[in-house]
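Notes follow once the structure below has been shown.
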Amino acid sequence: MAEIVESIEGFSLSKKGATKSQFSKVGLIGPGIMGQKITRIMSQRGLEVVFIETNDKKAASFIKNIEKELGGMIGRWGMTGSEKTAILNRIKGSSDWADLSECDIIIEVLESHISRNVGLENRKKIFKEIEKHISPNTIIATNSTSLMTTELMSELEHPERGISFHFLTPTPDAPVVEVVRGIYTADEVYDNILVFAKLLGKEVIPVLDFAGKISTRMIIPLINEACEIFMEGVGRMEDIDKIMRIGYNMQLGPFEMADKIGLDSLLRWMENLYEEFGDHKYKPSPLIKKLVRANCLGTKNNKGFYDYTTDTKVLNNLVKQLFS
């Protein structure tokens, strides 16, 4: 059966109740693969979602991808057709920033494909634009993996509204989120984010404002070390994944996980953390660099460490060529 979710009634965003009566509408910026999954999660919980896209064609593609994902859930998890329709009806795409005006929270989910400084400045500009169209009570949250909350929110007119609400990549359905307060984050905003997390069925893991948080700083050295073991010829890629899946009960091995995250995103996280901390455990593996330069990005374009162009995944021929 499909998951039964808790009603949104009673989830108040404002303790005073003067301008916000309940948590009902979410704005989303940056509708990539993660954005699609997060949109689907929030709509499943009964929330209206408005996502901003640059044009109607991209917005239609975004909706189509969510519809496809929901179709798979009907087959696997017992979701009904009427539930699918209700979820889709709560999602609206727009190219007009003004459509964010009635949202209780805005979540930025931009994907990381550019340098740290450019990514930081792009987000700051977007946050300033968002702020022109929303009320002073509306929370602005970032899902950024490797940038720091205080720095991202520092140029807002109301920086106290800013916070990090980090869904785990590549598993946003996981029942946990990392929440990071910036220096300016108000107590009421933090309390309201706890309410939001509860509404989504997530346990909050509080994290200090450091690049990479907990999850990313743990997973990057694992993937880098897996690359090193493979390049040294210690074991086959498939066997490195297998021993981590079976021996340590991981859902995915390190190479499978890297492909699902996206090798371009992973490379950017590594570069950001290496720049921030200067620790070689975060320095990108040359294997990852070579694959990204060859446009082998993982499951998003069907070739990464593995080749996903057929029903059965196999080792990418390019990897074989590089280390034959």
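Residue numbers start at 1 in each chain; chains themselves are named A, B, ... in the order of the structure tokens; ligands are numbered from 1 in the order shown.
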
* Contacts of segment 173-178 of chain A at 10 Å or less, counting only C-alpha atoms, minus same-chain residues fewer than 3 places along, as a list in words? -> Lys37, Ile38, Arg40, Ile41, Asn143, Thr145, Ser164, Phe165, His166, Phe167, Leu168, Thr169, Pro170, Ala197, Lys198, Leu200, Gly201, Lys202, Glu203, Val204, Ile205, Pro206, Val207, Leu208, Lys213, Ile214 and Ser215 of chain A

C-alpha atoms of the current selection, written as a short mmCIF file (atom, residue, chain, number, x, y, z; two decimals), in the first residue's frame:
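New file result_38.cif:
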data_model
loop_
_atom_site.label_atom_id
_atom_site.label_comp_id
_atom_site.auth_asym_id
_atom_site.auth_seq_id
_atom_site.Cartn_x
_atom_site.Cartn_y
_atom_site.Cartn_z
CA LYS A 37 12.62 13.98 -6.28
CA ILE A 38 12.25 16.60 -3.53
CA ARG A 40 7.60 14.63 -5.44
CA ILE A 41 8.37 13.99 -1.74
CA ASN A 143 20.09 22.29 -0.13
CA THR A 145 26.10 20.26 -0.17
CA SER A 164 20.32 24.92 5.34
CA PHE A 165 17.92 22.00 4.89
CA HIS A 166 19.98 19.26 3.27
CA PHE A 167 18.35 16.20 1.72
CA LEU A 168 20.90 13.41 1.34
CA THR A 169 22.25 12.81 -2.17
CA PRO A 170 21.49 10.50 -3.93
CA ALA A 197 10.99 18.22 8.81
CA LYS A 198 8.34 16.47 10.92
CA LEU A 200 8.01 15.47 5.70
CA GLY A 201 8.61 12.50 8.00
CA LYS A 202 12.28 13.39 8.46
CA GLU A 203 14.49 13.17 11.54
CA VAL A 204 16.65 16.26 11.88
CA ILE A 205 20.40 15.81 12.26
CA PRO A 206 21.76 19.16 13.55
CA VAL A 207 25.11 20.06 11.98
CA LEU A 208 27.51 22.97 12.53
CA LYS A 213 28.28 18.80 6.56
CA ILE A 214 28.49 15.19 7.85
CA SER A 215 27.25 13.10 4.94
#

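Looking only at segment 42-177 of chain A, the set that DSSP places in strand (DSSP E or B) from backbone geometry is Glu48, Val49, Val50, Phe51, Ile52, Ile91, Lys92, Gly93, Ser94, Ile105, Ile106, Ile107, Glu108, Ile139, Ile140, Ala141, Thr142, Gly162, Ile163, Ser164, Phe165, His166, Phe167, Val176 and Val177 of chain A.
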
Could you dump the residues just selected with N, CA and C atoms as a short mmCIF file (atom, residue, chain, number, x, y, z; two decimals), in the first residue's frame?
data_model
loop_
_atom_site.label_atom_id
_atom_site.label_comp_id
_atom_site.auth_asym_id
_atom_site.auth_seq_id
_atom_site.Cartn_x
_atom_site.Cartn_y
_atom_site.Cartn_z
N GLU A 48 1.52 21.94 -1.48
CA GLU A 48 1.59 22.52 -2.82
C GLU A 48 3.04 22.92 -3.09
N VAL A 49 3.48 22.69 -4.32
CA VAL A 49 4.85 23.04 -4.69
C VAL A 49 4.84 23.89 -5.96
N VAL A 50 5.52 25.02 -5.90
CA VAL A 50 5.74 25.86 -7.07
C VAL A 50 7.22 25.82 -7.40
N PHE A 51 7.57 25.36 -8.59
CA PHE A 51 8.98 25.36 -8.97
C PHE A 51 9.21 26.37 -10.09
N ILE A 52 10.36 27.00 -10.05
CA ILE A 52 10.71 28.02 -11.04
C ILE A 52 11.59 27.42 -12.11
N ILE A 91 1.45 20.27 -7.94
CA ILE A 91 2.73 20.78 -8.45
C ILE A 91 2.48 21.75 -9.60
N LYS A 92 3.11 22.91 -9.52
CA LYS A 92 2.95 23.94 -10.56
C LYS A 92 4.32 24.48 -10.95
N GLY A 93 4.55 24.56 -12.27
CA GLY A 93 5.78 25.18 -12.77
C GLY A 93 5.52 26.60 -13.22
N SER A 94 6.52 27.45 -13.08
CA SER A 94 6.37 28.85 -13.46
C SER A 94 7.73 29.45 -13.81
N ILE A 105 7.95 28.59 2.53
CA ILE A 105 9.39 28.33 2.52
C ILE A 105 9.84 28.19 1.08
N ILE A 106 11.03 28.69 0.78
CA ILE A 106 11.65 28.51 -0.52
C ILE A 106 12.88 27.63 -0.33
N ILE A 107 13.01 26.59 -1.16
CA ILE A 107 14.17 25.70 -1.06
C ILE A 107 14.96 25.78 -2.36
N GLU A 108 16.23 26.10 -2.23
CA GLU A 108 17.14 26.15 -3.38
C GLU A 108 17.81 24.80 -3.55
N ILE A 139 10.72 31.56 4.96
CA ILE A 139 12.05 30.98 5.15
C ILE A 139 12.71 30.76 3.79
N ILE A 140 14.01 31.04 3.71
CA ILE A 140 14.81 30.68 2.53
C ILE A 140 15.80 29.61 2.97
N ALA A 141 15.69 28.43 2.36
CA ALA A 141 16.55 27.30 2.73
C ALA A 141 17.39 26.88 1.53
N THR A 142 18.59 26.45 1.79
CA THR A 142 19.45 25.92 0.75
C THR A 142 19.69 24.43 0.95
N GLY A 162 17.44 32.72 6.77
CA GLY A 162 18.20 31.73 6.01
C GLY A 162 18.64 30.53 6.84
N ILE A 163 18.60 29.35 6.23
CA ILE A 163 18.99 28.11 6.91
C ILE A 163 19.32 27.06 5.86
N SER A 164 20.05 26.04 6.24
CA SER A 164 20.32 24.92 5.34
C SER A 164 19.44 23.73 5.72
N PHE A 165 18.78 23.18 4.71
CA PHE A 165 17.92 22.00 4.89
C PHE A 165 18.37 21.00 3.83
N HIS A 166 19.26 20.09 4.23
CA HIS A 166 19.98 19.26 3.27
C HIS A 166 19.43 17.84 3.17
N PHE A 167 18.77 17.56 2.04
CA PHE A 167 18.35 16.20 1.72
C PHE A 167 19.59 15.43 1.26
N VAL A 176 16.06 11.10 7.04
CA VAL A 176 16.85 12.08 7.79
C VAL A 176 17.18 13.26 6.89
N VAL A 177 17.37 14.43 7.51
CA VAL A 177 17.90 15.60 6.82
C VAL A 177 18.95 16.26 7.72
#

* Asked: Can you list, as a ChimeraX atom specification, every protein, DNA or RNA residue that comes within 6 Å of Tyr306 of chain A when you count only C-alpha atoms, leaving out same-chain residues fewer than 5 positions away?
  -> /A:314-316

* Asked: Which neighbours of segment 230-233 of chain A fall inside 12 Å, counting only C-alpha atoms, when residues of the same chain fewer than 3 positions from it are skipped, and could you give them as a PyMOL selection string?
  -> chain A and resi 223-227+236-241+254-255+285-288+305+319-320+322-324

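Closest approach to Arg45 of chain A among A:Leu100, A:Leu199, A:Ile126, A:Leu266 is made by A:Leu199 (distances from only C-alpha atoms).
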
* Could you pull the residues within 12 Å of Glu275 of chain A, counting only C-alpha atoms, minus those fewer than 2 positions along the same chain, as a ChimeraX atom specification? -> /A:115-117,146-147,211-212,268-273,277-284

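The closest residue to Gly119 of chain A, picked from A:Leu152, A:Ile87, A:Ala294, A:Ile219 and counting only C-alpha atoms, is A:Leu152.
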
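Going from atom CA of Met250 of chain A to atom CA of Leu194 of chain A covers 28.0 Å.
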
* To do: From the DSSP assignment of the backbone, select every residue of segment 93-206 of chain A that is helix (DSSP H, G or I), and format the answer as a PyMOL selection string.
  => chain A and resi 97-100+116-131+149-153+159-161+187-199

Just the residues within 8 Å of Ser24 of chain A, please, counting only C-alpha atoms, with nothing from its chain fewer than 4 positions along; format it as a PDB file with N, CA, C and O atoms, in the first residue's frame.
ATOM      1  N   ILE A   8      -1.389  18.064   7.026  1.00  0.00           N
ATOM      2  CA  ILE A   8      -0.635  19.295   7.233  1.00  0.00           C
ATOM      3  C   ILE A   8      -1.341  20.235   8.203  1.00  0.00           C
ATOM      4  O   ILE A   8      -0.776  21.224   8.624  1.00  0.00           O
ATOM      5  N   GLY A  46       1.280  16.230   0.884  1.00  0.00           N
ATOM      6  CA  GLY A  46       0.121  17.104   0.873  1.00  0.00           C
ATOM      7  C   GLY A  46       0.435  18.571   0.688  1.00  0.00           C
ATOM      8  O   GLY A  46      -0.451  19.420   0.817  1.00  0.00           O
ATOM      9  N   LEU A  47       1.688  18.905   0.383  1.00  0.00           N
ATOM     10  CA  LEU A  47       2.087  20.298   0.203  1.00  0.00           C
ATOM     11  C   LEU A  47       1.955  20.717  -1.258  1.00  0.00           C
ATOM     12  O   LEU A  47       2.271  19.942  -2.164  1.00  0.00           O
ATOM     13  N   GLU A  48       1.524  21.942  -1.485  1.00  0.00           N
ATOM     14  CA  GLU A  48       1.588  22.522  -2.816  1.00  0.00           C
ATOM     15  C   GLU A  48       3.036  22.920  -3.091  1.00  0.00           C
ATOM     16  O   GLU A  48       3.723  23.431  -2.215  1.00  0.00           O
ATOM     17  N   CYS A 103       4.358  31.444  -0.818  1.00  0.00           N
ATOM     18  CA  CYS A 103       5.045  30.264  -0.262  1.00  0.00           C
ATOM     19  C   CYS A 103       5.478  30.512   1.178  1.00  0.00           C
ATOM     20  O   CYS A 103       5.860  31.624   1.554  1.00  0.00           O
ATOM     21  N   ASP A 104       5.435  29.454   1.974  1.00  0.00           N
ATOM     22  CA  ASP A 104       5.879  29.510   3.368  1.00  0.00           C
ATOM     23  C   ASP A 104       7.383  29.301   3.497  1.00  0.00           C
ATOM     24  O   ASP A 104       7.998  29.736   4.463  1.00  0.00           O
TER      25      ASP A 104
END

* Give me the residues within 10 Å of Lys303 of chain A as a ChimeraX atom specification, counting only C-alpha atoms and dropping any in the same chain fewer than 6 places off. => /A:259,262-263,291,294-297,309,313-318

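If you measure from each of A:Ser101, A:Gln251, A:Asn302, A:Thr54 to Pro136 of chain A using only C-alpha atoms, the closest one turns out to be A:Ser101.
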